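The file start_33.csv comes next; it holds CSV, C-alpha atoms and all ligand atoms.
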chain,number,residue,atom,x,y,z
A,1,LEU,CA,14.5,76.3,201.4
A,2,ILE,CA,17.6,77.1,203.4
A,3,THR,CA,20.4,74.6,203.5
A,4,HIS,CA,23.2,74.7,206.1
A,5,LEU,CA,26.3,72.4,206.1
A,6,ALA,CA,27.1,71.0,209.5
A,7,HIS,CA,30.7,69.9,209.8
A,8,THR,CA,31.8,66.8,211.6
A,9,ASP,CA,34.8,64.5,212.0
A,10,HIS,CA,33.3,62.3,209.3
A,11,GLY,CA,32.6,65.2,206.9
A,12,PRO,CA,29.7,67.6,206.4
A,13,TYR,CA,26.0,66.8,206.3
A,14,PRO,CA,23.2,69.1,205.1
A,15,ILE,CA,20.5,70.6,207.3
A,16,HIS,CA,17.5,71.6,205.1
A,17,VAL,CA,14.9,74.0,206.6
A,18,GLY,CA,11.9,74.9,204.6
A,19,VAL,CA,8.1,75.2,204.3
A,20,GLY,CA,6.5,72.1,202.7
A,21,LEU,CA,9.6,69.9,202.4
A,22,LEU,CA,7.5,66.7,203.1
A,23,ALA,CA,5.0,67.6,200.4
A,24,SER,CA,7.6,68.5,197.8
A,25,GLY,CA,9.8,65.6,198.6
A,26,THR,CA,12.9,66.8,196.8
A,27,ALA,CA,15.1,67.5,199.8
A,28,LEU,CA,14.1,64.2,201.4
A,29,ARG,CA,14.9,62.2,198.3
A,30,SER,CA,18.3,63.9,197.9
A,31,ALA,CA,19.2,62.7,201.4
A,32,LEU,CA,18.4,59.0,200.7
A,33,PRO,CA,21.2,56.5,200.8
A,34,PRO,CA,21.5,54.1,197.8
A,35,GLY,CA,19.9,51.1,199.6
A,36,ALA,CA,16.6,50.5,201.3
A,37,VAL,CA,15.5,52.5,204.4
A,38,LEU,CA,13.3,51.8,207.4
A,39,VAL,CA,11.1,54.6,208.7
A,40,VAL,CA,10.7,55.1,212.4
A,41,THR,CA,7.9,57.3,213.8
A,42,ASP,CA,5.4,57.4,216.7
A,43,SER,CA,1.6,56.9,216.5
A,44,ASN,CA,0.7,60.6,216.8
A,45,VAL,CA,3.1,61.6,214.0
A,46,ALA,CA,2.1,58.6,211.9
A,47,ALA,CA,-1.5,59.7,211.9
A,48,LEU,CA,-0.6,63.2,210.8
A,49,HIS,CA,2.5,63.2,208.6
A,50,LEU,CA,3.6,59.6,207.7
A,51,PRO,CA,1.5,59.4,204.5
A,52,ALA,CA,3.3,62.5,203.1
A,53,LEU,CA,6.7,61.1,204.0
A,54,LEU,CA,6.0,57.7,202.4
A,55,GLU,CA,4.6,59.4,199.3
A,56,ALA,CA,7.8,61.5,199.0
A,57,LEU,CA,10.2,58.6,199.5
A,58,GLY,CA,8.4,56.0,197.4
A,59,GLU,CA,10.0,52.6,196.9
A,60,ALA,CA,13.1,53.4,199.0
A,61,VAL,CA,11.0,52.7,202.1
A,62,VAL,CA,10.7,48.9,202.8
A,63,ALA,CA,9.1,49.0,206.2
A,64,THR,CA,7.9,51.4,209.0
A,65,VAL,CA,8.1,51.0,212.8
A,66,VAL,CA,5.4,53.0,214.6
A,67,LEU,CA,6.4,53.5,218.3
A,68,GLU,CA,4.2,54.5,221.2
A,69,PRO,CA,4.7,58.3,221.8
A,70,GLY,CA,6.2,59.9,224.9
A,71,GLU,CA,9.4,59.9,227.0
A,72,ASP,CA,8.1,56.9,229.0
A,73,ASN,CA,8.7,54.9,225.8
A,74,LYS,CA,12.2,56.0,225.2
A,75,ASP,CA,13.4,52.7,226.5
A,76,PHE,CA,15.2,49.4,225.6
A,77,ALA,CA,12.0,47.9,224.3
A,78,ALA,CA,11.5,50.6,221.8
A,79,TRP,CA,15.2,50.4,220.7
A,80,GLN,CA,14.8,46.6,220.2
A,81,ARG,CA,11.6,47.1,218.2
A,82,VAL,CA,13.6,49.3,215.8
A,83,ILE,CA,16.5,46.8,215.6
A,84,ASP,CA,14.0,44.0,215.0
A,85,GLY,CA,12.4,46.1,212.2
A,86,LEU,CA,15.8,46.7,210.6
A,87,ILE,CA,16.6,42.9,210.7
A,88,ASP,CA,13.2,41.9,209.4
A,89,ALA,CA,13.5,44.4,206.6
A,90,GLY,CA,17.0,43.2,205.7
A,91,ILE,CA,18.4,46.7,205.8
A,92,SER,CA,22.1,46.6,204.9
A,93,ARG,CA,24.9,49.2,205.4
A,94,ASP,CA,24.1,50.9,202.1
A,95,GLY,CA,20.6,51.6,203.5
A,96,GLY,CA,19.5,53.3,206.7
A,97,VAL,CA,16.9,54.8,209.0
A,98,VAL,CA,14.6,57.7,208.5
A,99,ALA,CA,13.4,59.2,211.9
A,100,LEU,CA,10.1,61.1,211.5
A,101,GLY,CA,9.1,62.7,214.8
A,102,GLY,CA,10.1,64.7,217.9
A,103,GLY,CA,13.2,64.3,220.0
A,104,VAL,CA,12.0,61.0,221.4
A,105,VAL,CA,11.7,59.3,218.0
A,106,GLY,CA,14.9,61.0,216.9
A,107,ASP,CA,16.9,59.7,219.9
A,108,ILE,CA,15.6,56.1,219.7
A,109,ALA,CA,15.9,55.8,215.9
A,110,GLY,CA,19.3,57.5,216.0
A,111,PHE,CA,20.6,55.1,218.7
A,112,ALA,CA,19.3,52.1,216.8
A,113,ALA,CA,21.0,53.4,213.6
A,114,ALA,CA,24.2,53.9,215.7
A,115,THR,CA,24.2,50.4,217.0
A,116,TYR,CA,22.7,48.3,214.1
A,117,LEU,CA,25.6,46.7,212.1
A,118,ARG,CA,27.9,49.0,214.1
A,119,GLY,CA,26.3,52.0,212.5
A,120,VAL,CA,24.1,52.8,209.5
A,121,PRO,CA,23.0,56.2,208.2
A,122,VAL,CA,20.1,58.1,209.8
A,123,ILE,CA,18.2,60.9,208.3
A,124,GLN,CA,16.5,63.1,210.9
A,125,VAL,CA,13.1,64.5,209.9
A,126,PRO,CA,12.2,66.5,213.1
A,127,THR,CA,8.5,67.3,213.6
A,128,THR,CA,8.5,69.3,216.9
A,129,LEU,CA,9.9,72.8,217.3
A,130,LEU,CA,12.2,71.4,220.0
A,131,ALA,CA,13.6,68.8,217.6
A,132,GLN,CA,14.0,71.2,214.7
A,133,VAL,CA,16.0,73.8,216.8
A,134,ASP,CA,17.9,71.3,219.0
A,135,ALA,CA,17.5,67.6,219.2
A,136,ALA,CA,17.8,66.6,215.5
A,137,ILE,CA,21.2,68.4,215.1
A,138,GLY,CA,24.5,67.4,216.7
A,139,GLY,CA,24.5,63.6,216.7
A,140,LYS,CA,23.6,62.9,220.3
A,141,THR,CA,21.4,59.8,220.5
A,142,ALA,CA,20.1,57.9,223.5
A,143,ILE,CA,17.5,55.9,225.3
A,144,ASP,CA,16.6,56.1,229.0
A,145,HIS,CA,17.4,53.6,231.7
A,146,PRO,CA,15.2,53.2,234.8
A,147,ALA,CA,18.0,54.8,236.7
A,148,GLY,CA,18.0,58.0,234.6
A,149,LYS,CA,17.4,59.8,231.4
A,150,ASN,CA,19.7,59.3,228.4
A,151,LEU,CA,22.0,56.9,230.3
A,152,VAL,CA,22.5,54.7,227.2
A,153,GLY,CA,23.5,56.2,223.9
A,154,ALA,CA,26.1,57.1,221.3
A,155,PHE,CA,27.4,60.0,219.3
A,156,HIS,CA,26.1,59.3,215.8
A,157,GLN,CA,25.8,62.2,213.4
A,158,PRO,CA,22.8,62.2,211.0
A,159,SER,CA,23.6,61.9,207.2
A,160,ALA,CA,21.0,64.7,206.7
A,161,VAL,CA,18.4,66.7,208.6
A,162,VAL,CA,15.2,67.7,206.8
A,163,ALA,CA,13.1,70.2,208.9
A,164,ASP,CA,9.7,71.0,207.4
A,165,THR,CA,8.2,73.9,209.3
A,166,ALA,CA,4.8,73.2,207.8
A,167,VAL,CA,4.4,70.1,210.1
A,168,LEU,CA,4.6,72.4,213.2
A,169,ALA,CA,1.0,73.5,212.4
A,170,THR,CA,-0.3,70.3,214.1
A,171,LEU,CA,1.8,70.7,217.2
A,172,ASP,CA,-0.1,71.6,220.4
A,173,ASP,CA,0.4,75.0,221.9
A,174,ARG,CA,2.1,73.9,225.1
A,175,GLN,CA,4.7,71.8,223.2
A,176,TYR,CA,5.3,74.6,220.7
A,177,ARG,CA,5.8,77.3,223.3
A,178,SER,CA,8.0,75.3,225.5
A,179,ALA,CA,10.6,74.9,222.7
A,180,ILE,CA,10.9,78.7,222.5
A,181,ALA,CA,12.9,78.5,225.7
A,182,GLU,CA,15.6,76.6,223.7
A,183,VAL,CA,15.4,79.2,220.9
A,184,ILE,CA,16.0,81.9,223.5
A,185,LYS,CA,18.9,79.8,225.0
A,186,HIS,CA,20.6,79.6,221.6
A,187,ALA,CA,20.4,83.4,221.3
A,188,ILE,CA,21.8,84.0,224.8
A,189,ILE,CA,24.7,81.7,224.1
A,190,SER,CA,25.9,83.1,220.9
A,191,ASP,CA,24.2,86.0,219.2
A,192,ALA,CA,23.1,89.4,220.5
A,193,SER,CA,21.6,90.4,217.2
A,194,PHE,CA,19.5,87.2,217.0
A,195,PHE,CA,18.2,87.9,220.6
A,196,ALA,CA,17.2,91.4,219.6
A,197,GLN,CA,15.5,90.0,216.5
A,198,LEU,CA,13.6,87.6,218.7
A,199,GLU,CA,12.4,90.5,220.9
A,200,GLN,CA,10.9,91.9,217.7
A,201,ASP,CA,9.5,88.7,216.3
A,202,LEU,CA,8.3,86.8,219.3
A,203,ASP,CA,4.6,87.5,218.8
A,204,GLY,CA,4.9,86.4,215.2
A,205,LEU,CA,6.8,83.3,216.3
A,206,LEU,CA,4.0,82.5,218.9
A,207,ASP,CA,1.4,83.1,216.1
A,208,ARG,CA,3.4,80.6,213.9
A,209,ASP,CA,4.1,83.1,211.2
A,210,SER,CA,5.7,81.0,208.5
A,211,ALA,CA,8.4,83.4,207.5
A,212,ILE,CA,9.4,84.1,211.1
A,213,GLN,CA,9.5,80.4,211.9
A,214,LEU,CA,11.7,79.7,208.9
A,215,ALA,CA,14.2,82.4,209.9
A,216,VAL,CA,14.3,81.5,213.6
A,217,ILE,CA,14.6,77.7,213.0
A,218,SER,CA,17.3,78.2,210.4
A,219,ARG,CA,19.3,80.5,212.7
A,220,CYS,CA,19.1,78.0,215.6
A,221,CYS,CA,20.3,75.2,213.3
A,222,GLU,CA,23.2,77.3,212.2
A,223,ILE,CA,24.1,78.2,215.8
A,224,LYS,CA,23.9,74.7,217.1
A,225,ALA,CA,25.7,73.2,214.1
A,226,ALA,CA,28.6,75.7,214.6
A,227,ILE,CA,29.0,74.9,218.3
A,228,VAL,CA,28.9,71.2,217.7
A,229,ALA,CA,31.3,71.4,214.7
A,230,ASP,CA,34.0,72.9,217.0
A,231,ASP,CA,33.4,70.3,219.8
A,232,GLU,CA,31.6,67.2,218.6
A,233,HIS,CA,32.2,65.1,221.7
A,234,GLU,CA,31.6,67.9,224.3
A,235,VAL,CA,35.0,68.4,225.8
A,236,GLY,CA,34.7,72.2,225.6
A,237,GLN,CA,32.3,74.8,224.2
A,238,ARG,CA,29.5,72.3,223.4
A,239,ALA,CA,28.8,72.5,227.2
A,240,TRP,CA,27.5,76.0,226.6
A,241,LEU,CA,24.4,74.4,225.2
A,242,ASN,CA,23.7,73.3,228.7
A,243,LEU,CA,22.9,76.8,229.8
A,244,GLY,CA,20.1,76.5,232.3
A,245,HIS,CA,20.1,72.8,232.0
A,246,SER,CA,21.5,71.7,235.4
A,247,PHE,CA,18.6,73.5,237.0
A,248,ALA,CA,16.2,72.3,234.3
A,249,HIS,CA,17.0,68.6,234.6
A,250,ALA,CA,16.5,68.8,238.4
A,251,ILE,CA,13.2,70.5,238.0
A,252,GLU,CA,12.0,68.2,235.3
A,253,SER,CA,12.8,65.0,237.2
A,254,ALA,CA,11.6,66.4,240.6
A,255,SER,CA,8.3,67.2,239.0
A,256,GLY,CA,8.0,63.7,237.7
A,257,PHE,CA,8.2,65.1,234.2
A,258,THR,CA,4.9,67.0,234.5
A,259,VAL,CA,7.0,70.1,233.8
A,260,LEU,CA,8.0,69.9,230.1
A,261,HIS,CA,11.7,70.1,229.2
A,262,GLY,CA,11.4,73.5,227.6
A,263,GLU,CA,9.4,74.9,230.5
A,264,ALA,CA,12.1,73.7,232.9
A,265,VAL,CA,14.8,75.2,230.7
A,266,SER,CA,12.9,78.5,230.9
A,267,VAL,CA,13.1,78.5,234.7
A,268,GLY,CA,16.8,77.3,234.4
A,269,LEU,CA,17.7,80.2,232.2
A,270,VAL,CA,16.3,82.7,234.7
A,271,LEU,CA,18.0,80.9,237.6
A,272,ALA,CA,21.3,80.9,235.8
A,273,ALA,CA,21.0,84.7,235.1
A,274,ARG,CA,20.0,85.4,238.7
A,275,LEU,CA,22.9,83.4,240.0
A,276,ALA,CA,25.3,85.1,237.6
A,277,MET,CA,24.0,88.5,238.8
A,278,ARG,CA,24.5,87.4,242.4
A,279,LEU,CA,28.1,86.3,241.6
A,280,GLY,CA,28.7,89.7,240.0
A,281,ARG,CA,29.0,88.2,236.5
A,282,CYS,CA,26.1,90.0,234.9
A,283,SER,CA,23.9,93.0,235.3
A,284,SER,CA,20.3,93.1,236.6
A,285,ALA,CA,19.4,94.5,233.2
A,286,LEU,CA,20.5,91.3,231.6
A,287,LEU,CA,18.4,89.2,234.0
A,288,GLU,CA,15.4,91.4,233.3
A,289,ARG,CA,15.8,91.2,229.6
A,290,ILE,CA,16.0,87.4,229.5
A,291,ALA,CA,13.1,87.0,232.0
A,292,ALA,CA,10.9,89.5,230.1
A,293,LEU,CA,11.2,87.6,226.8
A,294,LEU,CA,10.4,84.2,228.5
A,295,VAL,CA,7.4,85.8,230.2
A,296,ARG,CA,6.1,87.1,226.8
A,297,ALA,CA,6.3,83.5,225.6
A,298,ARG,CA,4.1,82.6,228.7
A,299,LEU,CA,6.9,80.4,230.0
A,300,PRO,CA,7.6,79.9,233.8
A,301,THR,CA,10.4,81.9,235.4
A,302,THR,CA,10.3,80.6,239.0
A,303,VAL,CA,10.7,77.2,240.5
A,304,PRO,CA,7.3,75.5,240.5
A,305,GLU,CA,5.4,75.3,243.7
A,306,GLY,CA,6.1,72.1,245.8
A,307,LEU,CA,9.6,71.4,244.7
A,308,SER,CA,12.1,71.6,247.5
A,309,PRO,CA,15.5,73.3,247.0
A,310,GLU,CA,17.1,70.4,249.0
A,311,ASP,CA,15.7,67.9,246.5
A,312,LEU,CA,16.8,70.0,243.5
A,313,ILE,CA,20.4,70.3,244.8
A,314,LYS,CA,20.5,66.5,245.4
A,315,ARG,CA,19.4,65.9,241.8
A,316,MET,CA,21.8,68.5,240.4
A,317,ALA,CA,24.7,66.8,242.2
A,318,HIS,CA,23.6,63.4,241.0
A,319,ASP,CA,23.5,64.6,237.4
A,320,LYS,CA,27.1,65.9,237.8
A,321,LYS,CA,28.5,62.7,239.3
A,322,ARG,CA,28.1,61.2,235.9
A,323,ASP,CA,30.6,63.5,234.3
A,324,GLY,CA,33.2,62.9,237.0
A,325,SER,CA,33.8,66.6,237.7
A,326,GLY,CA,32.4,68.8,240.4
A,327,LEU,CA,29.2,70.7,239.8
A,328,ARG,CA,29.9,73.3,237.1
A,329,LEU,CA,27.3,75.7,235.7
A,330,VAL,CA,27.0,77.7,232.5
A,331,LEU,CA,26.2,81.3,233.4
A,332,PRO,CA,25.3,84.2,231.1
A,333,GLU,CA,27.6,87.2,231.2
A,334,ASP,CA,26.0,89.2,228.4
A,335,ILE,CA,23.7,88.4,225.5
A,336,GLY,CA,26.0,86.4,223.2
A,337,ARG,CA,28.5,85.5,226.0
A,338,VAL,CA,28.4,82.7,228.6
A,339,ALA,CA,31.0,81.2,230.9
A,340,LEU,CA,31.4,77.7,232.4
A,341,VAL,CA,32.2,78.1,236.1
A,342,ALA,CA,32.4,76.0,239.2
A,343,ALA,CA,29.2,76.2,241.2
A,344,PRO,CA,29.2,77.9,244.5
A,345,PRO,CA,29.4,75.7,247.6
A,346,ARG,CA,26.3,73.7,248.5
A,347,GLY,CA,25.1,76.0,251.3
A,348,GLU,CA,25.3,79.1,249.2
A,349,LEU,CA,23.5,77.3,246.3
A,350,LEU,CA,20.8,76.2,248.7
A,351,GLU,CA,20.3,79.6,250.1
A,352,PHE,CA,20.1,80.9,246.5
A,353,LEU,CA,17.4,78.4,245.5
A,354,HIS,CA,15.4,79.2,248.6
A,355,GLY,CA,15.4,82.8,247.6
A,356,ALA,CA,14.5,81.9,244.0
A,357,LYS,CA,11.2,80.3,245.1
A,358,ASP,CA,9.6,83.7,245.6
A,359,PRO,CA,8.3,85.4,242.5
A,360,ARG,CA,10.7,88.1,241.3
B,1,LIG,N1,19.7,64.4,221.1
B,1,LIG,C1,19.7,65.6,221.5
B,1,LIG,O1,20.7,66.4,221.3
B,1,LIG,C2,18.5,66.1,222.3
B,1,LIG,C3,18.4,67.5,222.5
B,1,LIG,C4,17.3,67.9,223.2
B,1,LIG,C5,16.3,67.0,223.6
B,1,LIG,N2,16.4,65.7,223.3
B,1,LIG,C6,15.4,64.7,223.7
B,1,LIG,O2,14.2,65.0,223.0
B,1,LIG,C7,13.1,64.5,223.7
B,1,LIG,C8,12.0,65.6,223.7
B,1,LIG,O3,11.7,65.9,222.4
B,1,LIG,P1,10.3,66.6,222.0
B,1,LIG,O4,10.1,67.7,222.9
B,1,LIG,O5,10.3,66.7,220.5
B,1,LIG,O6,9.2,65.5,222.5
B,1,LIG,P2,8.4,64.3,221.8
B,1,LIG,O7,9.3,63.6,220.8
B,1,LIG,O8,7.9,63.4,222.9
B,1,LIG,O9,7.2,65.0,221.1
B,1,LIG,C9,6.3,65.6,221.9
B,1,LIG,C10,4.8,65.2,221.5
B,1,LIG,O10,4.5,65.8,220.3
B,1,LIG,C11,4.0,64.8,219.4
B,1,LIG,N3,4.3,65.3,218.0
B,1,LIG,C12,5.5,65.3,217.4
B,1,LIG,N4,5.5,66.0,216.3
B,1,LIG,C13,4.2,66.4,216.1
B,1,LIG,C14,3.5,67.2,215.2
B,1,LIG,N5,4.1,67.7,214.1
B,1,LIG,N6,2.2,67.4,215.4
B,1,LIG,C15,1.5,67.0,216.5
B,1,LIG,N7,2.1,66.2,217.4
B,1,LIG,C16,3.4,66.0,217.3
B,1,LIG,C17,4.7,63.5,219.8
B,1,LIG,O11,4.0,62.4,219.4
B,1,LIG,C18,4.7,63.7,221.3
B,1,LIG,O12,3.5,63.3,221.8
B,1,LIG,C19,13.6,64.2,225.1
B,1,LIG,O13,13.7,62.8,225.2
B,1,LIG,C20,15.0,64.7,225.1
B,1,LIG,O14,15.9,64.0,225.9
B,1,LIG,C21,17.5,65.2,222.6
B,2,ZN,ZN,17.4,71.2,226.2

Let's see the structure in the file written out as structure tokens.
Amino acid sequence: LITHLAHTDHGPYPIHVGVGLLASGTALRSALPPGAVLVVTDSNVAALHLPALLEALGEAVVATVVLEPGEDNKDFAAWQRVIDGLIDAGISRDGGVVALGGGVVGDIAGFAAATYLRGVPVIQVPTTLLAQVDAAIGGKTAIDHPAGKNLVGAFHQPSAVVADTAVLATLDDRQYRSAIAEVIKHAIISDASFFAQLEQDLDGLLDRDSAIQLAVISRCCEIKAAIVADDEHEVGQRAWLNLGHSFAHAIESASGFTVLHGEAVSVGLVLAARLAMRLGRCSSALLERIAALLVRARLPTTVPEGLSPEDLIKRMAHDKKRDGSGLRLVLPEDIGRVALVAAPPRGELLEFLHGAKDPR
């Protein structure tokens, strides 16, 4: 068991990472608030891991809401089902919510916890690799609106995160591999020695070697928690976490979400490095090194067939309108160093994306 303390404006919270934390139950029980809790999960995760969680938490759990799985269901109806569950169970401010699942469950349950009675505690128990290295940490919660992803949400830090790496054994290969793009992203943003370690350990990580999983997930939690601690509400360096994401969001949505988030991030990381190289901000060796690691994880590195650069640019610009600034991109300068820069003019970006359609 490895425990990190994440620092927030409202004090620290623990992030526990370990093998078998659901089965042992100790870390989970130590995270419980004094009052009763509601468990929120989805039907896939419920079938696999809910019994172990309920066993561990015992009488503290007064009810469970089982949501339909998938991004399609990260909507107002799901949020209301959790709120209804909280009201029916009579959860008060001394109780809270336990979110057992991937990023979708964590975001819905977290937003319900943020809004019910103006905020009750949420314990995040992430069950996907993506949620363990990214979504469960940092306190962003949201649901989708028909007009776009994550349009309705709140900052609401968890009271604890309990990441049991043993539950990853049941995750399918595509979901598992796609999250490795986020792992690589964390290393590029902040830590050259972690990146070198990943180059050594990638095969073990792909084979789900338990010691390697533990070390990698733990390091990612540490990196994300440190970045968020310095900038909880994303006015500065938290934006670094968006490395590759302007491209990725455009690719995901243009593909109708048939490309998974992590897969789109993989392409986005390579595009960011290619653009950085073109702008004279990084070397071709850096681009090669990043792309080589993603390829070894069998992740895509070029814009998928059939997506037009014109459409991608439109989507990138739309994404940016929401934050009121012009289009800015996070670009890698070296392993462990990124910069937030104004994007090149539209014409230049368009030409760049046309070039990026061809395999390297
Ligand atoms: N809040 C944040 O900071 C943040 C950061 C990144 C992503 N996100 C959000 O996270 C979501 C994506 O999360 P995700 O990739 O975890 O997807 P997900 O929650 O949809 O999970 C993927 C699939 O795996 C299943 N699953 C979950 N755990 C499993 C397990 N242990 N074994 C077998 N199947 C399992 C789920 O039922 C689902 O079908 C997106 O909505 C994204 O916006 C949020
Ligand atoms: Zn991401």

Need to verify the contact set: stretch 341-358 of chain A, 12 Å, only C-alpha atoms, exclusion of same-chain residues closer than 5 positions in sequence. Can you return it as a compact mmCIF listing (two decimals) with C-alpha atoms, in the frame of the given file?
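See selection-v3.txt below for the written result:
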# COMPACT_ATOMS: atom_id res chain seq x y z
CA ALA A 239 28.80 72.50 227.20
CA TRP A 240 27.50 76.00 226.60
CA LEU A 243 22.90 76.80 229.80
CA SER A 246 21.50 71.70 235.40
CA PHE A 247 18.60 73.50 237.00
CA ALA A 250 16.50 68.80 238.40
CA ILE A 251 13.20 70.50 238.00
CA VAL A 267 13.10 78.50 234.70
CA GLY A 268 16.80 77.30 234.40
CA VAL A 270 16.30 82.70 234.70
CA LEU A 271 18.00 80.90 237.60
CA ALA A 272 21.30 80.90 235.80
CA ALA A 273 21.00 84.70 235.10
CA ARG A 274 20.00 85.40 238.70
CA LEU A 275 22.90 83.40 240.00
CA ALA A 276 25.30 85.10 237.60
CA MET A 277 24.00 88.50 238.80
CA ARG A 278 24.50 87.40 242.40
CA LEU A 279 28.10 86.30 241.60
CA ARG A 281 29.00 88.20 236.50
CA PRO A 300 7.60 79.90 233.80
CA THR A 301 10.40 81.90 235.40
CA THR A 302 10.30 80.60 239.00
CA VAL A 303 10.70 77.20 240.50
CA PRO A 304 7.30 75.50 240.50
CA GLU A 305 5.40 75.30 243.70
CA GLY A 306 6.10 72.10 245.80
CA LEU A 307 9.60 71.40 244.70
CA SER A 308 12.10 71.60 247.50
CA PRO A 309 15.50 73.30 247.00
CA GLU A 310 17.10 70.40 249.00
CA ASP A 311 15.70 67.90 246.50
CA LEU A 312 16.80 70.00 243.50
CA ILE A 313 20.40 70.30 244.80
CA LYS A 314 20.50 66.50 245.40
CA MET A 316 21.80 68.50 240.40
CA ALA A 317 24.70 66.80 242.20
CA LYS A 320 27.10 65.90 237.80
CA SER A 325 33.80 66.60 237.70
CA GLY A 326 32.40 68.80 240.40
CA LEU A 327 29.20 70.70 239.80
CA ARG A 328 29.90 73.30 237.10
CA LEU A 329 27.30 75.70 235.70
CA VAL A 330 27.00 77.70 232.50
CA LEU A 331 26.20 81.30 233.40
CA PRO A 332 25.30 84.20 231.10
CA GLU A 333 27.60 87.20 231.20

Selection near A:Gly204, 12 Å with only C-alpha atoms, sequence-local residues under 3 positions removed, as an MDAnalysis selection string: chainID A and resid 197:201 207:216 296:297

6 Å shell around ligand LIG 1 (chain B) using only C-alpha atoms and all ligand atoms, listed as a PyMOL selection string: chain A and resi 42+44-45+69-71+101-105+107+127-128+130-131+134-135+140-141+167-168+170-171

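Closest to A:Arg118 among A:Ala163, A:Ile137, A:Leu53, A:Ile83 is A:Ile83, based on only C-alpha atoms.
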
Report the closest atom pair, with its distance in Å rounded to one decimal, for each residue of chain A that has an atom no farther than 8 Å from ligand ZN 2 (chain B); count only C-alpha atoms and all ligand atoms, sort by chain and then rising residue number, and write it as CSV.
residue,atom,partner,partner_atom,distance
A:Asp134,CA,B:ZN2,ZN,7.2
A:Ala135,CA,B:ZN2,ZN,7.9
A:Glu182,CA,B:ZN2,ZN,6.2
A:Leu241,CA,B:ZN2,ZN,7.8
A:Asn242,CA,B:ZN2,ZN,7.1
A:His245,CA,B:ZN2,ZN,6.6
A:His261,CA,B:ZN2,ZN,6.5
A:Gly262,CA,B:ZN2,ZN,6.6
A:Val265,CA,B:ZN2,ZN,6.6

Would you save the residues of that selection, restricted to C-alpha atoms, as a tab-separated table (two decimals), in the frame of the given file?
chain	number	residue	atom	x	y	z
A	134	ASP	CA	17.90	71.30	219.00
A	135	ALA	CA	17.50	67.60	219.20
A	182	GLU	CA	15.60	76.60	223.70
A	241	LEU	CA	24.40	74.40	225.20
A	242	ASN	CA	23.70	73.30	228.70
A	245	HIS	CA	20.10	72.80	232.00
A	261	HIS	CA	11.70	70.10	229.20
A	262	GLY	CA	11.40	73.50	227.60
A	265	VAL	CA	14.80	75.20	230.70
